[in-house]
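> This is the structure I want to talk about, given as structure tokens.
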Amino acid sequence: MRLGVLDVGSNTVHLLVVDAHRGAAPLPAYSHKTELRLAEHLEKDGKIAQSGADGLVSFVKEAAELAEDKGCESVLAFATSALREAPNGEKVLDRVRKESKIDLQVLTGQDEARLTFLAVRRWFGWSSGRLAVFDIGGGSLEIAAGSDEEPTVAVSVPLGAGRLTRESLTQDPPGKDEVKALRKRIRVEMAAVAGDVLRAGKPQRSVATSKTFRSLARICGAAPSEDGPYVPRSLDREDLAEWMPKLIGMTASERADLPGVSSGRSSQLVAGALVADAVMDLFDLTSLEVCPWALREGVILSRLDQLQPR
């Protein structure tokens, strides 16, 4: 079947059209996205501003038309932390539903971690043994670990690269004191959940997903995206440590010139790097393998698992 997957994240709203059936890898057929940056369209009380709601409704209506044009049988639409945390999130969802006929389902942070874990498990297979999976989003960091398709532990921490940048990094490049304070905040919040993850057992494979990890890996020497998804990629702790002071000393526009870094996300890269560094330090990892599948693929695979075989 042909499915449309609409992912409303804190940074990007993305429609992915895939050809999929049970027992096979989802095959991307068409992609359309925009950097709406919903989490930046917030009022002082945390509500999504009119501008953000208008932009979201406009894109979802466009995505619904595109999905129909591309022959999708249905559209799996979901939203993450930006809508989950907004006091008027339900009101915005109602408006999207009425004006686009698309029913956006808001995932919990635990759901995000669980579905991302499923995607990574399917990508690497059972021979990987016990997995630890880390995903840096715009609003949150998801961590999951376990030996099955359902993780033993799945947690979400408010350590997304966009959130941390907005709340803690006001200068460009960021000031020394800002970086020091943010580094402490990240490690304190991550340490609060580390014990639960570590109790799941030492991972035999440690994996990173998300644009932030992919960008950091590319900067540190991983193969470019045009080489395809099957090329092994990893982020090594020593390489990241070498790059950290360089990234902190650059302006956002200078970071945007680095390989694998988009201008829209370059301002968030320092915060993302600090989170990645803390992940490898607190969980005692020398490197993280980069998985091309993440939450979107997890949503697709979960849906296919629910279908009755024809």
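Order determines the names: the first chain of the structure tokens is A, the second B, and so forth; residues in each chain are numbered 1 upward, and ligands are numbered 1 upward as they are shown.
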Output as JSON lines one row per residue of range 76-173 of chain A within 6 Å of range 29-50 of chain A: the closest atom pair and its distance in Å to one decimal place, counting only C-alpha atoms, sorted by chain and residue number ascending.

```
{"residue": "A:Ala82", "atom": "CA", "partner": "A:Ala39", "partner_atom": "CA", "distance": 5.4}
{"residue": "A:Ala86", "atom": "CA", "partner": "A:Lys47", "partner_atom": "CA", "distance": 5.1}
{"residue": "A:Pro87", "atom": "CA", "partner": "A:Lys47", "partner_atom": "CA", "distance": 5.4}
{"residue": "A:Asn88", "atom": "CA", "partner": "A:Lys47", "partner_atom": "CA", "distance": 5.5}
```
> Since we have the selection now, will you write its residues out, keeping N, CA, C and O atoms, as a PDB file, in the first residue's frame?

```pdb
ATOM      1  N   ALA A  82       6.135  20.013  20.557  1.00  0.00           N
ATOM      2  CA  ALA A  82       5.655  21.387  20.388  1.00  0.00           C
ATOM      3  C   ALA A  82       4.154  21.489  20.649  1.00  0.00           C
ATOM      4  O   ALA A  82       3.687  22.393  21.350  1.00  0.00           O
ATOM      5  N   ALA A  86       2.012  22.637  24.489  1.00  0.00           N
ATOM      6  CA  ALA A  86       1.336  23.933  24.389  1.00  0.00           C
ATOM      7  C   ALA A  86      -0.016  23.903  25.102  1.00  0.00           C
ATOM      8  O   ALA A  86      -0.806  22.979  24.898  1.00  0.00           O
ATOM      9  N   PRO A  87      -0.326  24.898  25.948  1.00  0.00           N
ATOM     10  CA  PRO A  87      -1.610  24.925  26.645  1.00  0.00           C
ATOM     11  C   PRO A  87      -2.811  24.928  25.693  1.00  0.00           C
ATOM     12  O   PRO A  87      -3.881  24.440  26.047  1.00  0.00           O
ATOM     13  N   ASN A  88      -2.620  25.498  24.487  1.00  0.00           N
ATOM     14  CA  ASN A  88      -3.712  25.526  23.511  1.00  0.00           C
ATOM     15  C   ASN A  88      -3.512  24.495  22.406  1.00  0.00           C
ATOM     16  O   ASN A  88      -4.078  24.613  21.314  1.00  0.00           O
TER      17      ASN A  88
END
```
> Each residue of range 180-204 of chain A lying at most 8 Å from range 151-157 of chain A should get a row with its shortest atom-to-atom pair and the distance in Å to one decimal, counting only C-alpha atoms; could you produce that, ordered by chain and increasing number, as JSON lines?

```
{"residue": "A:Glu189", "atom": "CA", "partner": "A:Val157", "partner_atom": "CA", "distance": 7.4}
{"residue": "A:Met190", "atom": "CA", "partner": "A:Val157", "partner_atom": "CA", "distance": 7.2}
{"residue": "A:Val193", "atom": "CA", "partner": "A:Val155", "partner_atom": "CA", "distance": 7.6}
{"residue": "A:Asp196", "atom": "CA", "partner": "A:Val153", "partner_atom": "CA", "distance": 7.1}
{"residue": "A:Val197", "atom": "CA", "partner": "A:Val153", "partner_atom": "CA", "distance": 6.2}
{"residue": "A:Ala200", "atom": "CA", "partner": "A:Thr152", "partner_atom": "CA", "distance": 6.4}
```
> Output all heavy atoms for every residue in the selection just made, as an mmCIF file, in the first residue's frame.

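Written output follows (again38.cif):
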```cif
data_model
loop_
_atom_site.group_PDB
_atom_site.id
_atom_site.type_symbol
_atom_site.label_atom_id
_atom_site.label_comp_id
_atom_site.auth_asym_id
_atom_site.auth_seq_id
_atom_site.Cartn_x
_atom_site.Cartn_y
_atom_site.Cartn_z
ATOM 1 N N GLU A 189 19.974 16.910 34.248
ATOM 2 C CA GLU A 189 18.688 16.352 33.820
ATOM 3 C C GLU A 189 18.852 14.955 33.234
ATOM 4 O O GLU A 189 17.999 14.076 33.434
ATOM 5 C CB GLU A 189 18.022 17.288 32.811
ATOM 6 C CG GLU A 189 17.607 18.619 33.416
ATOM 7 C CD GLU A 189 16.657 19.403 32.537
ATOM 8 O OE1 GLU A 189 15.838 18.775 31.825
ATOM 9 O OE2 GLU A 189 16.723 20.648 32.555
ATOM 10 N N MET A 190 19.938 14.729 32.526
ATOM 11 C CA MET A 190 20.161 13.411 31.944
ATOM 12 C C MET A 190 20.517 12.383 33.019
ATOM 13 O O MET A 190 20.092 11.225 32.964
ATOM 14 C CB MET A 190 21.276 13.471 30.884
ATOM 15 C CG MET A 190 21.258 12.286 29.922
ATOM 16 S SD MET A 190 22.589 12.388 28.700
ATOM 17 C CE MET A 190 22.178 13.907 27.851
ATOM 18 N N VAL A 193 17.735 10.305 34.761
ATOM 19 C CA VAL A 193 17.115 9.128 34.133
ATOM 20 C C VAL A 193 18.141 8.062 33.765
ATOM 21 O O VAL A 193 17.766 6.961 33.351
ATOM 22 C CB VAL A 193 16.311 9.523 32.876
ATOM 23 C CG1 VAL A 193 15.224 10.526 33.226
ATOM 24 C CG2 VAL A 193 17.223 10.077 31.778
ATOM 25 N N ASP A 196 17.840 4.442 35.348
ATOM 26 C CA ASP A 196 16.808 3.563 34.807
ATOM 27 C C ASP A 196 17.282 2.890 33.521
ATOM 28 O O ASP A 196 17.013 1.709 33.274
ATOM 29 C CB ASP A 196 15.524 4.356 34.517
ATOM 30 C CG ASP A 196 14.849 4.832 35.784
ATOM 31 O OD1 ASP A 196 15.089 4.221 36.844
ATOM 32 O OD2 ASP A 196 14.085 5.809 35.712
ATOM 33 N N VAL A 197 17.982 3.661 32.688
ATOM 34 C CA VAL A 197 18.470 3.128 31.414
ATOM 35 C C VAL A 197 19.589 2.119 31.654
ATOM 36 O O VAL A 197 19.614 1.033 31.059
ATOM 37 C CB VAL A 197 18.964 4.267 30.496
ATOM 38 C CG1 VAL A 197 19.492 3.696 29.182
ATOM 39 C CG2 VAL A 197 17.847 5.272 30.231
ATOM 40 N N ALA A 200 18.831 -1.455 32.567
ATOM 41 C CA ALA A 200 18.376 -2.353 31.491
ATOM 42 C C ALA A 200 19.507 -3.243 30.994
ATOM 43 O O ALA A 200 19.279 -4.169 30.231
ATOM 44 C CB ALA A 200 17.806 -1.534 30.329
#
```
> Of the candidates A:Asp277, A:Glu167, A:Gly160, A:Ser81, which shows the shortest atom-to-atom distance to Trp243 in chain A, using only C-alpha atoms?
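With only C-alpha atoms as the atom set, the closest residue is A:Asp277.
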> Could you pull the residues within 10 Å of Lys70 in chain A, counting only C-alpha atoms, minus those fewer than 3 positions along the same chain, as a PyMOL selection string?
chain A and resi 2-4+17-18+29-30+64-67+73
> Using only C-alpha atoms, which protein or nucleic acid residues come within 12 Å of Ser262 in chain A? Drop anything in the same chain fewer than 5 positions from it, and give the result as a list in words.
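With the cut-off at 12 Å, the set is Glu35, Lys211, Thr212, Arg214, Ser215, Leu216, Arg218, Ile219, Ala252, Ser253, Glu254, Arg255, Ala256, Asp257, Ser267, Gln268 and Leu269 of chain A.
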> Print the selection's residues with all heavy atoms to a file, as a compact mmCIF listing (two decimals), in the first residue's frame.

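Dumped to again07.txt:
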```txt
# COMPACT_ATOMS: atom_id res chain seq x y z
N GLU A 35 10.53 24.03 7.16
CA GLU A 35 11.02 24.34 8.50
C GLU A 35 10.09 25.38 9.13
O GLU A 35 10.38 26.56 9.15
CB GLU A 35 12.47 24.82 8.46
CG GLU A 35 13.47 23.71 8.17
CD GLU A 35 14.91 24.10 8.44
OE1 GLU A 35 15.17 25.31 8.63
OE2 GLU A 35 15.77 23.22 8.45
N LYS A 211 18.37 14.21 12.93
CA LYS A 211 19.16 15.13 12.11
C LYS A 211 20.38 15.66 12.87
O LYS A 211 21.46 15.81 12.30
CB LYS A 211 18.27 16.30 11.65
CG LYS A 211 18.98 17.36 10.83
CD LYS A 211 19.47 16.83 9.50
CE LYS A 211 20.05 17.94 8.65
NZ LYS A 211 20.63 17.46 7.38
N THR A 212 20.22 15.95 14.15
CA THR A 212 21.33 16.50 14.93
C THR A 212 22.51 15.53 14.97
O THR A 212 23.66 15.90 14.70
CB THR A 212 20.88 16.84 16.35
OG1 THR A 212 19.90 17.88 16.30
CG2 THR A 212 22.06 17.31 17.19
N ARG A 214 23.07 13.05 12.92
CA ARG A 214 23.60 12.86 11.56
C ARG A 214 24.52 14.01 11.16
O ARG A 214 25.57 13.79 10.54
CB ARG A 214 22.45 12.72 10.56
CG ARG A 214 21.65 11.44 10.70
CD ARG A 214 20.84 11.15 9.43
NE ARG A 214 19.91 12.22 9.10
CZ ARG A 214 18.67 12.30 9.57
NH1 ARG A 214 18.23 11.38 10.43
NH2 ARG A 214 17.87 13.28 9.22
N SER A 215 24.14 15.22 11.51
CA SER A 215 24.98 16.38 11.18
C SER A 215 26.31 16.32 11.91
O SER A 215 27.36 16.59 11.33
CB SER A 215 24.25 17.68 11.55
OG SER A 215 23.09 17.86 10.76
N LEU A 216 26.28 15.98 13.19
CA LEU A 216 27.51 15.88 13.97
C LEU A 216 28.42 14.79 13.42
O LEU A 216 29.64 14.97 13.32
CB LEU A 216 27.19 15.62 15.44
CG LEU A 216 26.52 16.77 16.19
CD1 LEU A 216 26.04 16.30 17.56
CD2 LEU A 216 27.47 17.95 16.35
N ARG A 218 28.49 13.73 10.34
CA ARG A 218 29.02 14.20 9.04
C ARG A 218 30.19 15.16 9.26
O ARG A 218 31.22 15.07 8.58
CB ARG A 218 27.90 14.88 8.24
CG ARG A 218 28.35 15.43 6.89
CD ARG A 218 28.60 14.32 5.90
NE ARG A 218 29.12 14.84 4.65
CZ ARG A 218 30.40 14.89 4.32
NH1 ARG A 218 31.33 14.43 5.17
NH2 ARG A 218 30.79 15.37 3.16
N ILE A 219 30.05 16.08 10.19
CA ILE A 219 31.13 17.02 10.50
C ILE A 219 32.38 16.27 10.93
O ILE A 219 33.50 16.64 10.58
CB ILE A 219 30.69 18.00 11.62
CG1 ILE A 219 29.61 18.96 11.10
CG2 ILE A 219 31.87 18.79 12.16
CD1 ILE A 219 28.94 19.75 12.20
N ALA A 252 26.57 31.05 13.92
CA ALA A 252 25.62 30.14 13.27
C ALA A 252 25.84 30.10 11.77
O ALA A 252 25.75 29.03 11.15
CB ALA A 252 24.19 30.59 13.58
N SER A 253 26.15 31.24 11.16
CA SER A 253 26.37 31.26 9.71
C SER A 253 27.63 30.50 9.33
O SER A 253 27.69 29.86 8.28
CB SER A 253 26.46 32.71 9.21
OG SER A 253 27.56 33.39 9.81
N GLU A 254 28.64 30.52 10.19
CA GLU A 254 29.86 29.75 9.93
C GLU A 254 29.59 28.25 10.05
O GLU A 254 30.09 27.45 9.25
CB GLU A 254 30.97 30.17 10.88
CG GLU A 254 31.53 31.56 10.59
CD GLU A 254 32.46 32.06 11.68
OE1 GLU A 254 32.37 31.59 12.84
OE2 GLU A 254 33.30 32.94 11.37
N ARG A 255 28.77 27.87 11.03
CA ARG A 255 28.42 26.45 11.16
C ARG A 255 27.61 25.96 9.97
O ARG A 255 27.70 24.79 9.58
CB ARG A 255 27.62 26.22 12.46
CG ARG A 255 28.47 26.25 13.70
CD ARG A 255 27.64 25.95 14.95
NE ARG A 255 27.92 26.95 15.98
CZ ARG A 255 27.06 27.84 16.43
NH1 ARG A 255 25.82 27.85 15.99
NH2 ARG A 255 27.42 28.72 17.35
N ALA A 256 26.81 26.84 9.39
CA ALA A 256 25.99 26.46 8.24
C ALA A 256 26.83 26.10 7.03
O ALA A 256 26.34 25.45 6.10
CB ALA A 256 25.02 27.60 7.89
N ASP A 257 28.09 26.50 7.02
CA ASP A 257 28.99 26.16 5.91
C ASP A 257 29.64 24.79 6.09
O ASP A 257 30.33 24.30 5.18
CB ASP A 257 30.10 27.22 5.77
CG ASP A 257 29.56 28.56 5.26
OD1 ASP A 257 28.55 28.54 4.52
OD2 ASP A 257 30.14 29.60 5.60
N SER A 267 22.08 27.12 14.19
CA SER A 267 22.09 27.80 15.49
C SER A 267 21.89 26.81 16.64
O SER A 267 22.25 27.10 17.78
CB SER A 267 20.99 28.87 15.54
OG SER A 267 19.71 28.28 15.40
N GLN A 268 21.30 25.63 16.34
CA GLN A 268 21.01 24.64 17.39
C GLN A 268 22.14 23.63 17.58
O GLN A 268 22.07 22.78 18.47
CB GLN A 268 19.74 23.87 17.03
CG GLN A 268 18.52 24.74 16.82
CD GLN A 268 17.30 23.92 16.43
OE1 GLN A 268 17.31 22.70 16.51
NE2 GLN A 268 16.25 24.60 16.01
N LEU A 269 23.17 23.72 16.74
CA LEU A 269 24.16 22.65 16.72
C LEU A 269 25.01 22.58 17.99
O LEU A 269 25.40 21.49 18.41
CB LEU A 269 25.07 22.81 15.49
CG LEU A 269 25.86 21.57 15.09
CD1 LEU A 269 24.92 20.42 14.73
CD2 LEU A 269 26.77 21.86 13.91
```
> Would you mind writing down, as a short mmCIF file (atom, residue, chain, number, x, y, z; two decimals) with C-alpha atoms, in the first residue's frame, each residue of range 92-185 of chain A that DSSP on the backbone assigns to strand (DSSP E or B)?

```
data_model
loop_
_atom_site.label_atom_id
_atom_site.label_comp_id
_atom_site.auth_asym_id
_atom_site.auth_seq_id
_atom_site.Cartn_x
_atom_site.Cartn_y
_atom_site.Cartn_z
CA GLN A 105 -2.29 12.30 16.90
CA VAL A 106 -0.07 13.70 19.65
CA LEU A 131 20.21 -1.93 22.09
CA ALA A 132 20.50 1.56 23.52
CA VAL A 133 18.91 4.21 21.31
CA PHE A 134 19.26 8.00 21.57
CA ASP A 135 17.32 10.58 19.55
CA ILE A 136 17.83 14.35 19.86
CA LEU A 141 15.79 13.81 23.93
CA GLU A 142 14.38 10.29 23.71
CA ILE A 143 16.25 7.31 25.19
CA ALA A 144 15.25 3.66 24.96
CA ALA A 145 17.00 0.40 25.75
CA GLY A 146 16.24 -3.30 25.68
CA VAL A 153 12.91 1.33 29.32
CA ALA A 154 11.74 4.31 27.25
CA VAL A 155 12.10 7.86 28.54
CA SER A 156 11.85 11.41 27.24
CA VAL A 157 13.83 14.31 28.69
#
```
